[in-house]
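Data from start-v5.cif: mmCIF, C-alpha atoms
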```cif
data_query
loop_
_atom_site.group_PDB
_atom_site.id
_atom_site.type_symbol
_atom_site.label_atom_id
_atom_site.label_comp_id
_atom_site.auth_asym_id
_atom_site.auth_seq_id
_atom_site.Cartn_x
_atom_site.Cartn_y
_atom_site.Cartn_z
ATOM 1 C CA MET F 13 221.129 -69.709 79.277
ATOM 2 C CA TYR F 14 223.513 -72.445 80.389
ATOM 3 C CA VAL F 15 226.943 -72.864 78.787
ATOM 4 C CA ALA F 16 229.047 -75.949 79.552
ATOM 5 C CA GLY F 17 232.758 -76.393 78.891
ATOM 6 C CA GLU F 18 236.241 -75.097 79.496
ATOM 7 C CA ALA F 19 237.389 -71.853 81.106
ATOM 8 C CA LEU F 20 241.136 -71.475 80.712
ATOM 9 C CA ILE F 21 243.951 -68.953 80.430
ATOM 10 C CA ASP F 22 245.236 -67.744 77.067
ATOM 11 C CA LEU F 23 248.877 -66.678 77.185
ATOM 12 C CA VAL F 24 248.955 -64.162 74.359
ATOM 13 C CA ALA F 25 252.287 -63.324 72.733
ATOM 14 C CA GLU F 26 253.174 -59.629 72.856
ATOM 15 C CA PRO F 27 255.480 -57.880 70.330
ATOM 16 C CA ASP F 28 258.281 -57.683 72.922
ATOM 17 C CA GLY F 29 258.262 -61.461 73.392
ATOM 18 C CA ARG F 30 256.403 -61.438 76.694
ATOM 19 C CA TYR F 31 253.080 -63.196 77.261
ATOM 20 C CA ARG F 32 249.917 -61.669 78.653
ATOM 21 C CA ALA F 33 247.522 -63.872 80.679
ATOM 22 C CA VAL F 34 243.951 -63.474 79.414
ATOM 23 C CA PRO F 35 240.907 -65.505 80.525
ATOM 24 C CA GLY F 36 239.585 -67.593 77.639
ATOM 25 C CA GLY F 37 238.272 -70.929 76.496
ATOM 26 C CA SER F 38 235.544 -71.121 73.872
ATOM 27 C CA PRO F 39 232.595 -71.887 76.198
ATOM 28 C CA ALA F 40 233.713 -69.238 78.698
ATOM 29 C CA ASN F 41 233.987 -66.721 75.848
ATOM 30 C CA VAL F 42 230.491 -67.646 74.672
ATOM 31 C CA ALA F 43 229.141 -67.191 78.202
ATOM 32 C CA VAL F 44 230.751 -63.743 78.490
ATOM 33 C CA GLY F 45 229.406 -62.792 75.065
ATOM 34 C CA LEU F 46 225.877 -63.821 75.991
ATOM 35 C CA ALA F 47 226.012 -62.005 79.317
ATOM 36 C CA ARG F 48 227.258 -58.810 77.639
ATOM 37 C CA LEU F 49 224.348 -59.034 75.209
ATOM 38 C CA GLY F 50 221.921 -59.124 78.130
ATOM 39 C CA ALA F 51 221.099 -62.834 78.326
ATOM 40 C CA PRO F 52 221.257 -64.183 81.911
ATOM 41 C CA THR F 53 223.949 -66.846 81.592
ATOM 42 C CA HIS F 54 225.221 -69.611 83.877
ATOM 43 C CA LEU F 55 228.591 -71.255 83.173
ATOM 44 C CA LEU F 56 229.032 -74.946 83.914
ATOM 45 C CA ALA F 57 232.812 -75.086 84.248
ATOM 46 C CA ARG F 58 235.438 -76.710 86.437
ATOM 47 C CA LEU F 59 237.462 -73.769 87.730
ATOM 48 C CA GLY F 60 241.044 -74.527 88.654
ATOM 49 C CA SER F 61 243.046 -73.470 91.642
ATOM 50 C CA GLY F 62 245.689 -70.839 92.187
ATOM 51 C CA ALA F 63 246.213 -67.396 90.712
ATOM 52 C CA PHE F 64 245.002 -68.308 87.227
ATOM 53 C CA GLY F 65 241.789 -69.755 88.626
ATOM 54 C CA ARG F 66 241.163 -66.512 90.518
ATOM 55 C CA VAL F 67 241.781 -64.472 87.362
ATOM 56 C CA ILE F 68 239.148 -66.536 85.522
ATOM 57 C CA ARG F 69 236.594 -66.222 88.329
ATOM 58 C CA GLU F 70 237.074 -62.466 88.583
ATOM 59 C CA HIS F 71 236.748 -62.051 84.818
ATOM 60 C CA LEU F 72 233.542 -64.072 84.659
ATOM 61 C CA ALA F 73 232.018 -62.318 87.657
ATOM 62 C CA ALA F 74 232.950 -58.885 86.279
ATOM 63 C CA ASN F 75 231.016 -59.766 83.120
ATOM 64 C CA ASP F 76 227.940 -60.917 85.065
ATOM 65 C CA VAL F 77 228.370 -64.598 84.196
ATOM 66 C CA LEU F 78 226.635 -66.621 86.913
ATOM 67 C CA LEU F 79 228.843 -69.225 88.603
ATOM 68 C CA ASP F 80 226.317 -71.013 90.812
ATOM 69 C CA ALA F 81 226.664 -74.138 88.619
ATOM 70 C CA ALA F 82 230.480 -74.012 88.394
ATOM 71 C CA VAL F 83 232.667 -76.497 90.249
ATOM 72 C CA SER F 84 235.732 -75.506 92.278
ATOM 73 C CA THR F 85 238.638 -77.910 91.980
ATOM 74 C CA SER F 86 242.231 -78.133 93.168
ATOM 75 C CA ASP F 87 243.281 -79.164 89.650
ATOM 76 C CA PRO F 88 245.526 -76.677 87.843
ATOM 77 C CA THR F 89 244.155 -74.314 85.214
ATOM 78 C CA THR F 90 244.566 -75.185 81.531
ATOM 79 C CA LEU F 91 246.940 -72.880 79.634
ATOM 80 C CA ALA F 92 246.767 -72.059 75.916
ATOM 81 C CA VAL F 93 249.715 -70.245 74.337
ATOM 82 C CA VAL F 94 248.304 -68.018 71.573
ATOM 83 C CA THR F 95 250.381 -66.949 68.575
ATOM 84 C CA LEU F 96 249.112 -64.674 65.810
ATOM 85 C CA ASP F 97 250.234 -65.011 62.200
ATOM 86 C CA ASP F 98 250.732 -62.154 59.716
ATOM 87 C CA GLU F 99 246.967 -62.027 59.064
ATOM 88 C CA ALA F 100 246.123 -61.855 62.799
ATOM 89 C CA ARG F 101 244.824 -65.435 62.849
ATOM 90 C CA ALA F 102 245.420 -67.330 66.064
ATOM 91 C CA THR F 103 247.114 -70.688 66.601
ATOM 92 C CA TYR F 104 247.244 -72.443 69.968
ATOM 93 C CA ASP F 105 249.666 -74.628 71.921
ATOM 94 C CA PHE F 106 248.201 -76.165 75.069
ATOM 95 C CA TYR F 107 249.350 -77.209 78.522
ATOM 96 C CA ALA F 108 246.382 -79.374 79.400
ATOM 97 C CA ASP F 109 247.363 -82.688 80.967
ATOM 98 C CA GLY F 110 245.667 -83.219 84.328
ATOM 99 C CA THR F 111 244.032 -79.809 84.304
ATOM 100 C CA ALA F 112 240.645 -78.798 85.603
ATOM 101 C CA ASP F 113 238.583 -78.591 82.427
ATOM 102 C CA TRP F 114 238.459 -82.271 81.459
ATOM 103 C CA GLY F 115 237.718 -83.876 84.827
ATOM 104 C CA TRP F 116 233.905 -83.748 84.828
ATOM 105 C CA THR F 117 232.015 -86.515 86.572
ATOM 106 C CA GLU F 118 228.270 -87.014 86.201
ATOM 107 C CA ALA F 119 227.865 -86.168 89.900
ATOM 108 C CA GLU F 120 229.293 -82.674 89.268
ATOM 109 C CA LEU F 121 226.742 -81.884 86.564
ATOM 110 C CA PRO F 122 223.070 -81.067 87.187
ATOM 111 C CA THR F 123 220.442 -83.758 86.773
ATOM 112 C CA GLN F 124 218.189 -81.202 85.091
ATOM 113 C CA LEU F 125 218.101 -77.548 84.153
ATOM 114 C CA PRO F 126 215.514 -75.133 85.560
ATOM 115 C CA PRO F 127 212.268 -74.927 83.566
ATOM 116 C CA GLU F 128 213.063 -71.348 82.552
ATOM 117 C CA ALA F 129 216.381 -72.340 80.909
ATOM 118 C CA LEU F 130 216.134 -71.638 77.176
ATOM 119 C CA ALA F 131 219.319 -73.334 75.974
ATOM 120 C CA LEU F 132 222.282 -75.513 76.879
ATOM 121 C CA VAL F 133 225.287 -74.445 74.787
ATOM 122 C CA THR F 134 228.321 -76.732 74.666
ATOM 123 C CA GLY F 135 231.073 -78.098 72.470
ATOM 124 C CA SER F 136 234.763 -77.312 71.983
ATOM 125 C CA ILE F 137 237.485 -79.360 73.676
ATOM 126 C CA ALA F 138 235.441 -80.306 76.741
ATOM 127 C CA ALA F 139 232.895 -82.162 74.598
ATOM 128 C CA ALA F 140 235.575 -84.401 73.088
ATOM 129 C CA ARG F 141 238.395 -84.781 75.641
ATOM 130 C CA GLU F 142 238.024 -87.545 78.203
ATOM 131 C CA PRO F 143 237.358 -88.308 80.942
ATOM 132 C CA GLY F 144 234.879 -85.442 81.159
ATOM 133 C CA ALA F 145 233.480 -85.612 77.626
ATOM 134 C CA THR F 146 231.344 -88.658 78.405
ATOM 135 C CA ALA F 147 229.809 -86.869 81.403
ATOM 136 C CA LEU F 148 228.961 -83.864 79.208
ATOM 137 C CA LEU F 149 227.394 -86.167 76.616
ATOM 138 C CA GLU F 150 225.174 -87.612 79.350
ATOM 139 C CA LEU F 151 224.186 -84.083 80.392
ATOM 140 C CA VAL F 152 223.154 -83.307 76.811
ATOM 141 C CA ARG F 153 221.107 -86.513 76.690
ATOM 142 C CA ARG F 154 219.375 -85.658 79.968
ATOM 143 C CA VAL F 155 218.535 -82.115 78.887
ATOM 144 C CA ARG F 156 217.224 -83.333 75.530
ATOM 145 C CA GLY F 157 215.042 -85.889 77.319
ATOM 146 C CA GLN F 158 213.520 -83.220 79.559
ATOM 147 C CA ASP F 159 212.053 -81.409 76.553
ATOM 148 C CA GLY F 160 212.892 -77.985 77.999
ATOM 149 C CA ALA F 161 216.033 -76.192 76.838
ATOM 150 C CA SER F 162 217.284 -76.190 73.259
ATOM 151 C CA ILE F 163 220.615 -77.948 72.673
ATOM 152 C CA VAL F 164 223.107 -75.661 70.904
ATOM 153 C CA LEU F 165 226.462 -77.063 69.780
ATOM 154 C CA ASP F 166 229.671 -75.459 68.518
ATOM 155 C CA PRO F 167 232.469 -77.989 67.822
ATOM 156 C CA ASN F 168 235.285 -75.368 67.819
ATOM 157 C CA LEU F 169 237.827 -78.155 67.513
ATOM 158 C CA ARG F 170 241.418 -78.027 68.726
ATOM 159 C CA PRO F 171 242.943 -81.185 67.156
ATOM 160 C CA ALA F 172 246.114 -81.064 69.265
ATOM 161 C CA LEU F 173 244.028 -81.831 72.366
ATOM 162 C CA LEU F 174 241.639 -84.369 70.847
ATOM 163 C CA PRO F 175 241.687 -88.129 70.339
ATOM 164 C CA THR F 176 241.771 -89.589 66.830
ATOM 165 C CA ARG F 177 239.658 -88.102 64.055
ATOM 166 C CA ALA F 178 237.540 -91.258 63.960
ATOM 167 C CA GLN F 179 236.793 -91.003 67.690
ATOM 168 C CA VAL F 180 235.889 -87.311 67.420
ATOM 169 C CA GLN F 181 233.685 -88.013 64.394
ATOM 170 C CA ALA F 182 231.834 -90.719 66.331
ATOM 171 C CA ARG F 183 231.253 -88.418 69.307
ATOM 172 C CA TRP F 184 230.008 -85.578 67.129
ATOM 173 C CA ASP F 185 227.711 -87.930 65.238
ATOM 174 C CA GLU F 186 226.018 -88.602 68.589
ATOM 175 C CA LEU F 187 225.904 -84.948 69.594
ATOM 176 C CA ILE F 188 224.559 -83.690 66.270
ATOM 177 C CA ALA F 189 221.639 -86.110 66.458
ATOM 178 C CA LEU F 190 220.731 -84.586 69.851
ATOM 179 C CA ALA F 191 221.073 -80.929 68.812
ATOM 180 C CA ASP F 192 218.535 -78.283 67.934
ATOM 181 C CA VAL F 193 221.110 -75.770 66.645
ATOM 182 C CA VAL F 194 224.655 -76.360 65.393
ATOM 183 C CA LYS F 195 227.143 -73.637 64.520
ATOM 184 C CA VAL F 196 230.383 -74.889 62.943
ATOM 185 C CA SER F 197 233.274 -73.221 61.140
ATOM 186 C CA ASP F 198 234.628 -74.280 57.774
ATOM 187 C CA GLU F 199 237.995 -74.818 59.513
ATOM 188 C CA ASP F 200 236.372 -77.311 61.904
ATOM 189 C CA LEU F 201 234.781 -79.153 58.998
ATOM 190 C CA ALA F 202 238.074 -79.283 57.079
ATOM 191 C CA TRP F 203 239.477 -81.355 59.953
ATOM 192 C CA LEU F 204 236.363 -83.261 60.985
ATOM 193 C CA VAL F 205 235.188 -84.303 57.503
ATOM 194 C CA PRO F 206 238.089 -83.483 55.158
ATOM 195 C CA GLY F 207 237.453 -83.112 51.459
ATOM 196 C CA THR F 208 233.770 -82.244 51.812
ATOM 197 C CA ASP F 209 231.849 -79.119 50.855
ATOM 198 C CA PRO F 210 230.855 -77.274 54.085
ATOM 199 C CA VAL F 211 227.481 -76.359 52.621
ATOM 200 C CA ASP F 212 226.765 -80.008 51.780
ATOM 201 C CA VAL F 213 227.772 -81.039 55.300
ATOM 202 C CA ALA F 214 225.396 -78.457 56.783
ATOM 203 C CA ALA F 215 222.507 -79.811 54.723
ATOM 204 C CA GLY F 216 223.331 -83.364 55.747
ATOM 205 C CA TRP F 217 223.500 -82.476 59.417
ATOM 206 C CA ALA F 218 220.212 -80.561 59.252
ATOM 207 C CA ALA F 219 218.549 -83.739 57.998
ATOM 208 C CA ARG F 220 219.774 -85.715 61.020
ATOM 209 C CA GLY F 221 218.307 -83.840 63.964
ATOM 210 C CA PRO F 222 219.094 -80.121 64.235
ATOM 211 C CA ALA F 223 216.492 -77.572 63.219
ATOM 212 C CA LEU F 224 219.241 -75.136 62.183
ATOM 213 C CA VAL F 225 222.853 -75.617 61.084
ATOM 214 C CA VAL F 226 225.053 -72.575 60.488
ATOM 215 C CA VAL F 227 228.489 -72.788 58.850
ATOM 216 C CA THR F 228 230.792 -69.800 59.237
ATOM 217 C CA LEU F 229 233.056 -69.247 56.250
ATOM 218 C CA GLY F 230 235.478 -66.611 57.511
ATOM 219 C CA ALA F 231 235.670 -63.625 55.186
ATOM 220 C CA ALA F 232 233.058 -65.301 52.941
ATOM 221 C CA GLY F 233 230.325 -64.888 55.572
ATOM 222 C CA ALA F 234 228.002 -67.620 56.776
ATOM 223 C CA HIS F 235 225.578 -70.165 55.347
ATOM 224 C CA ALA F 236 222.566 -71.577 57.198
ATOM 225 C CA VAL F 237 220.201 -74.426 56.406
ATOM 226 C CA THR F 238 217.116 -75.614 58.290
ATOM 227 C CA SER F 239 215.688 -79.084 58.707
ATOM 228 C CA THR F 240 212.935 -78.146 56.252
ATOM 229 C CA GLY F 241 215.435 -77.101 53.589
ATOM 230 C CA ALA F 242 215.408 -73.305 53.845
ATOM 231 C CA THR F 243 218.818 -71.735 53.187
ATOM 232 C CA VAL F 244 220.258 -68.316 53.966
ATOM 233 C CA GLU F 245 223.620 -66.738 53.168
ATOM 234 C CA VAL F 246 224.966 -63.584 54.768
ATOM 235 C CA ALA F 247 228.136 -61.643 54.062
ATOM 236 C CA ALA F 248 230.839 -60.960 56.609
ATOM 237 C CA ARG F 249 230.945 -57.400 57.911
ATOM 238 C CA PRO F 250 234.043 -55.578 56.582
ATOM 239 C CA VAL F 251 236.114 -54.199 59.458
ATOM 240 C CA ASP F 252 239.711 -53.330 60.300
ATOM 241 C CA VAL F 253 240.901 -56.517 61.982
ATOM 242 C CA ALA F 254 243.010 -56.302 65.136
ATOM 243 C CA ASP F 255 242.956 -60.089 65.512
ATOM 244 C CA THR F 256 240.492 -62.961 65.170
ATOM 245 C CA VAL F 257 240.782 -64.325 68.718
ATOM 246 C CA GLY F 258 237.294 -65.143 69.986
ATOM 247 C CA ALA F 259 235.533 -64.232 66.731
ATOM 248 C CA GLY F 260 233.908 -67.636 66.332
ATOM 249 C CA ASP F 261 232.788 -67.614 69.957
ATOM 250 C CA ALA F 262 231.319 -64.135 69.473
ATOM 251 C CA PHE F 263 229.383 -65.371 66.442
ATOM 252 C CA THR F 264 227.962 -68.176 68.582
ATOM 253 C CA SER F 265 226.952 -65.699 71.299
ATOM 254 C CA GLY F 266 225.334 -63.411 68.761
ATOM 255 C CA LEU F 267 223.513 -66.317 67.123
ATOM 256 C CA VAL F 268 222.156 -67.746 70.379
ATOM 257 C CA ASP F 269 221.139 -64.341 71.734
ATOM 258 C CA SER F 270 219.423 -63.425 68.470
ATOM 259 C CA LEU F 271 217.488 -66.700 68.500
ATOM 260 C CA ARG F 272 216.494 -65.882 72.090
ATOM 261 C CA LEU F 273 215.239 -62.435 71.146
ATOM 262 C CA ALA F 274 213.300 -63.907 68.219
ATOM 263 C CA GLY F 275 211.534 -66.376 70.522
ATOM 264 C CA LEU F 276 213.070 -69.403 68.799
ATOM 265 C CA LEU F 277 214.831 -71.055 71.739
ATOM 266 C CA GLY F 278 213.369 -73.672 74.066
ATOM 267 C CA ARG F 279 212.036 -77.003 72.897
ATOM 268 C CA ARG F 280 208.475 -75.688 72.977
ATOM 269 C CA HIS F 281 209.476 -73.409 70.085
ATOM 270 C CA ARG F 282 211.204 -76.126 68.070
ATOM 271 C CA ASP F 283 208.450 -76.202 65.439
ATOM 272 C CA ARG F 284 208.876 -72.463 64.836
ATOM 273 C CA LEU F 285 212.626 -72.923 64.408
ATOM 274 C CA ASP F 286 212.128 -75.877 62.037
ATOM 275 C CA THR F 287 209.908 -73.791 59.784
ATOM 276 C CA ALA F 288 211.769 -70.484 60.016
ATOM 277 C CA GLY F 289 212.410 -69.007 56.590
ATOM 278 C CA PRO F 290 214.969 -66.556 55.182
ATOM 279 C CA ALA F 291 213.005 -63.495 56.319
ATOM 280 C CA THR F 292 213.272 -64.681 59.928
ATOM 281 C CA LEU F 293 216.796 -66.077 59.808
ATOM 282 C CA ARG F 294 218.623 -63.378 57.844
ATOM 283 C CA PRO F 295 218.534 -60.676 60.564
ATOM 284 C CA ILE F 296 219.548 -63.309 63.121
ATOM 285 C CA LEU F 297 222.604 -64.288 61.093
ATOM 286 C CA ASP F 298 223.418 -60.654 60.276
ATOM 287 C CA ARG F 299 223.462 -59.805 63.982
ATOM 288 C CA ALA F 300 225.682 -62.817 64.731
ATOM 289 C CA ALA F 301 228.080 -61.783 61.959
ATOM 290 C CA LEU F 302 228.211 -58.234 63.315
ATOM 291 C CA THR F 303 228.963 -59.552 66.811
ATOM 292 C CA ALA F 304 231.946 -61.455 65.411
ATOM 293 C CA ALA F 305 233.090 -58.516 63.287
ATOM 294 C CA LEU F 306 233.127 -56.079 66.206
ATOM 295 C CA THR F 307 235.151 -58.589 68.229
ATOM 296 C CA CYS F 308 237.739 -58.687 65.420
ATOM 297 C CA THR F 309 238.260 -54.935 65.732
ATOM 298 C CA ARG F 310 239.612 -55.389 69.272
ATOM 299 C CA VAL F 311 242.560 -57.315 70.624
ATOM 300 C CA GLY F 312 241.636 -60.668 72.152
ATOM 301 C CA ALA F 313 238.266 -62.228 72.927
ATOM 302 C CA ASP F 314 236.442 -58.987 73.734
ATOM 303 C CA PRO F 315 232.848 -59.319 72.479
ATOM 304 C CA PRO F 316 230.513 -56.317 72.245
ATOM 305 C CA THR F 317 227.732 -55.315 74.577
ATOM 306 C CA ALA F 318 224.137 -55.068 73.434
ATOM 307 C CA GLU F 319 224.473 -51.292 73.297
ATOM 308 C CA GLU F 320 227.576 -51.443 71.103
ATOM 309 C CA LEU F 321 225.853 -53.906 68.807
ATOM 310 C CA ALA F 322 222.722 -51.784 68.536
ATOM 311 C CA GLY F 323 224.835 -48.768 67.663
ATOM 312 C CA SER F 324 226.428 -50.601 64.734
ATOM 313 C CA LEU F 325 223.344 -52.232 63.202
#
```
Structure rendered as structure tokens:
Amino acid sequence: MYVAGEALIDLVAEPDGRYRAVPGGSPANVAVGLARLGAPTHLLARLGSGAFGRVIREHLAANDVLLDAAVSTSDPTTLAVVTLDDEARATYDFYADGTADWGWTEAELPTQLPPEALALVTGSIAAAREPGATALLELVRRVRGQDGASIVLDPNLRPALLPTRAQVQARWDELIALADVVKVSDEDLAWLVPGTDPVDVAAGWAARGPALVVVTLGAAGAHAVTSTGATVEVAARPVDVADTVGAGDAFTSGLVDSLRLAGLLGRRHRDRLDTAGPATLRPILDRAALTAALTCTRVGADPPTAEELAGSL
């Protein structure tokens, strides 16, 4: 697996008013989640300098995320200040101008992925914030043209760091047409295409390129639709919630890993994914939902291992 995007530091507010520095960033969280589930995972990230950059590297290495495709830069590390509301939902304030994550050039990104690569997973802020977003779009185009790895997208939008809604919509229109799998939250859709039914959006996107579109609906579970019109709904797993930090990223990790285990990743398996029915997709979505639920039982973006997941199925 290859995951491309930001790797930053979350400054998490503690009850005493202090802040705890925790490695984060949606793509980095997805990479850690995949590695913990047993999928060999490479992170394409620009890793900043200084103490925060070292903290991120050590965290990724400790979780067996492979950094051979990462870029070292003297740019500072992006900081996200995380605040939890009364329902343990996270909001973010960013210190992101001139930081490492958005500086991609095409020369820093691979011209192709190895033949054994099953998927390129990307999205979040790095896919929409220039100057690096255009370079990542070109990477997606190259990988799609090589007919090897599946393209998996997760918008995971952070509007405070993005250009105008119209610009983000235009970029995601391009990306969706290139994708094989899209996972998107109802919160993302409320900003990206306000006033629309998330289920209707999923069906529309599935008709434009992806084989599978999954919309997560928070406590209401998840809804999936395929390019051939099959639909599946799964319930959220009831758990005692510590916080929701990293839950969406954990769902993405669980989804991608479950597709891997089912033999549905890689462009050579695209026909099987197009024609997958509810009997195939339901256990995949259930496992993704459980991955997210277990993450919610722990403080911060702390996704489960394969053993923990197996013990809760």
When the PyMOL selection byres ((chain F and resi 120) around 12) is applied to the file above, which residues end up in the set, as a PDB file with C-alpha atoms, in the coordinates of the input?
```
ATOM      1  CA  ALA F  16     229.047 -75.949  79.552  1.00  0.00           C
ATOM      2  CA  LEU F  56     229.032 -74.946  83.914  1.00  0.00           C
ATOM      3  CA  ALA F  57     232.812 -75.086  84.248  1.00  0.00           C
ATOM      4  CA  ARG F  58     235.438 -76.710  86.437  1.00  0.00           C
ATOM      5  CA  ALA F  81     226.664 -74.138  88.619  1.00  0.00           C
ATOM      6  CA  ALA F  82     230.480 -74.012  88.394  1.00  0.00           C
ATOM      7  CA  VAL F  83     232.667 -76.497  90.249  1.00  0.00           C
ATOM      8  CA  SER F  84     235.732 -75.506  92.278  1.00  0.00           C
ATOM      9  CA  THR F  85     238.638 -77.910  91.980  1.00  0.00           C
ATOM     10  CA  GLY F 115     237.718 -83.876  84.827  1.00  0.00           C
ATOM     11  CA  TRP F 116     233.905 -83.748  84.828  1.00  0.00           C
ATOM     12  CA  THR F 117     232.015 -86.515  86.572  1.00  0.00           C
ATOM     13  CA  GLU F 118     228.270 -87.014  86.201  1.00  0.00           C
ATOM     14  CA  ALA F 119     227.865 -86.168  89.900  1.00  0.00           C
ATOM     15  CA  LEU F 121     226.742 -81.884  86.564  1.00  0.00           C
ATOM     16  CA  PRO F 122     223.070 -81.067  87.187  1.00  0.00           C
ATOM     17  CA  THR F 123     220.442 -83.758  86.773  1.00  0.00           C
ATOM     18  CA  GLN F 124     218.189 -81.202  85.091  1.00  0.00           C
ATOM     19  CA  GLY F 144     234.879 -85.442  81.159  1.00  0.00           C
ATOM     20  CA  ALA F 147     229.809 -86.869  81.403  1.00  0.00           C
ATOM     21  CA  LEU F 148     228.961 -83.864  79.208  1.00  0.00           C
ATOM     22  CA  GLU F 150     225.174 -87.612  79.350  1.00  0.00           C
ATOM     23  CA  LEU F 151     224.186 -84.083  80.392  1.00  0.00           C
TER      24      LEU F 151
END
```
For Asp212 (chain F), the nearest of the candidates F:Ala236, F:Gly278, F:Pro143, F:Lys195, counting only C-alpha atoms: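 Among F:Ala236, F:Gly278, F:Pro143, F:Lys195, it is F:Ala236 that comes nearest to Asp212 (chain F).
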Using only C-alpha atoms for the distances, tell me which of F:Asp209, F:Asp109, F:Asp80, F:Glu128 is nearest to Asp159 (chain F).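 That would be F:Glu128, the residue with the smallest distance to Asp159 (chain F).
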Once the PyMOL selection byres ((chain F and resi 317) around 12) has been applied to the shown file, what residues remain in the selection, as a list in words?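 Evaluating the PyMOL selection byres ((chain F and resi 317) around 12) on these coordinates yields Val44, Gly45, Leu46, Ala47, Arg48, Leu49, Gly50, Ala51, Asn75, Asp76, Ala262, Ser265, Gly266, Asp269, Leu302, Thr303, Ala304, Leu306, Thr307, Asp314, Pro315, Pro316, Ala318, Glu319, Glu320, Leu321, Ala322, Gly323 and Ser324 of chain F.
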Report as a list in words the residues that result from applying the PyMOL selection byres ((chain F and resi 219-235) around 6) to the structure here. Ala189, Ala191, Asp192, Val193, Val194, Lys195, Val196, Ser197, Asp198, Ala214, Gly216, Trp217, Ala218, Ala236, Val237, Thr238, Ser239, Val244, Glu245, Val246, Ala247, Ala248 and Asp286 of chain F
Identify which of the residues F:Leu204, F:Val251, F:Leu174, F:Leu149 lies closest to Leu187 (chain F), counting only C-alpha atoms when measuring atom-to-atom distances. F:Leu149
Counting only C-alpha atoms, I want the residues whose atoms come within 12 Å of (249.9, -60.7, 72.0) in the file frame, returned as number ranges by chain. F: 22-34, 93-97, 100-103, 254-257, 310-313
Let's have the selection written as an mmCIF file, in the frame of the given file, with C-alpha atoms.
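See part.cif below for the written result:
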```
data_model
loop_
_atom_site.group_PDB
_atom_site.id
_atom_site.type_symbol
_atom_site.label_atom_id
_atom_site.label_comp_id
_atom_site.auth_asym_id
_atom_site.auth_seq_id
_atom_site.Cartn_x
_atom_site.Cartn_y
_atom_site.Cartn_z
ATOM 1 C CA ASP F 22 245.236 -67.744 77.067
ATOM 2 C CA LEU F 23 248.877 -66.678 77.185
ATOM 3 C CA VAL F 24 248.955 -64.162 74.359
ATOM 4 C CA ALA F 25 252.287 -63.324 72.733
ATOM 5 C CA GLU F 26 253.174 -59.629 72.856
ATOM 6 C CA PRO F 27 255.480 -57.880 70.330
ATOM 7 C CA ASP F 28 258.281 -57.683 72.922
ATOM 8 C CA GLY F 29 258.262 -61.461 73.392
ATOM 9 C CA ARG F 30 256.403 -61.438 76.694
ATOM 10 C CA TYR F 31 253.080 -63.196 77.261
ATOM 11 C CA ARG F 32 249.917 -61.669 78.653
ATOM 12 C CA ALA F 33 247.522 -63.872 80.679
ATOM 13 C CA VAL F 34 243.951 -63.474 79.414
ATOM 14 C CA VAL F 93 249.715 -70.245 74.337
ATOM 15 C CA VAL F 94 248.304 -68.018 71.573
ATOM 16 C CA THR F 95 250.381 -66.949 68.575
ATOM 17 C CA LEU F 96 249.112 -64.674 65.810
ATOM 18 C CA ASP F 97 250.234 -65.011 62.200
ATOM 19 C CA ALA F 100 246.123 -61.855 62.799
ATOM 20 C CA ARG F 101 244.824 -65.435 62.849
ATOM 21 C CA ALA F 102 245.420 -67.330 66.064
ATOM 22 C CA THR F 103 247.114 -70.688 66.601
ATOM 23 C CA ALA F 254 243.010 -56.302 65.136
ATOM 24 C CA ASP F 255 242.956 -60.089 65.512
ATOM 25 C CA THR F 256 240.492 -62.961 65.170
ATOM 26 C CA VAL F 257 240.782 -64.325 68.718
ATOM 27 C CA ARG F 310 239.612 -55.389 69.272
ATOM 28 C CA VAL F 311 242.560 -57.315 70.624
ATOM 29 C CA GLY F 312 241.636 -60.668 72.152
ATOM 30 C CA ALA F 313 238.266 -62.228 72.927
#
```
One number please: CA of Asp113 (chain F) to CA of Pro210 (chain F), in Å, one decimal.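 For CA of Asp113 (chain F) relative to CA of Pro210 (chain F), the distance reads 29.4 Å.
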Can you pull out every residue within 7 Å of region 62-72 of chain F, counting only C-alpha atoms, but drop anything in the same chain fewer than 5 positions away, and send it as a PDB file with C-alpha atoms, in the coordinates of the input?
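Output file result.pdb follows:
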```pdb
ATOM      1  CA  ILE F  21     243.951 -68.953  80.430  1.00  0.00           C
ATOM      2  CA  PRO F  35     240.907 -65.505  80.525  1.00  0.00           C
ATOM      3  CA  VAL F  44     230.751 -63.743  78.490  1.00  0.00           C
ATOM      4  CA  VAL F  77     228.370 -64.598  84.196  1.00  0.00           C
ATOM      5  CA  THR F  89     244.155 -74.314  85.214  1.00  0.00           C
TER       6      THR F  89
END
```
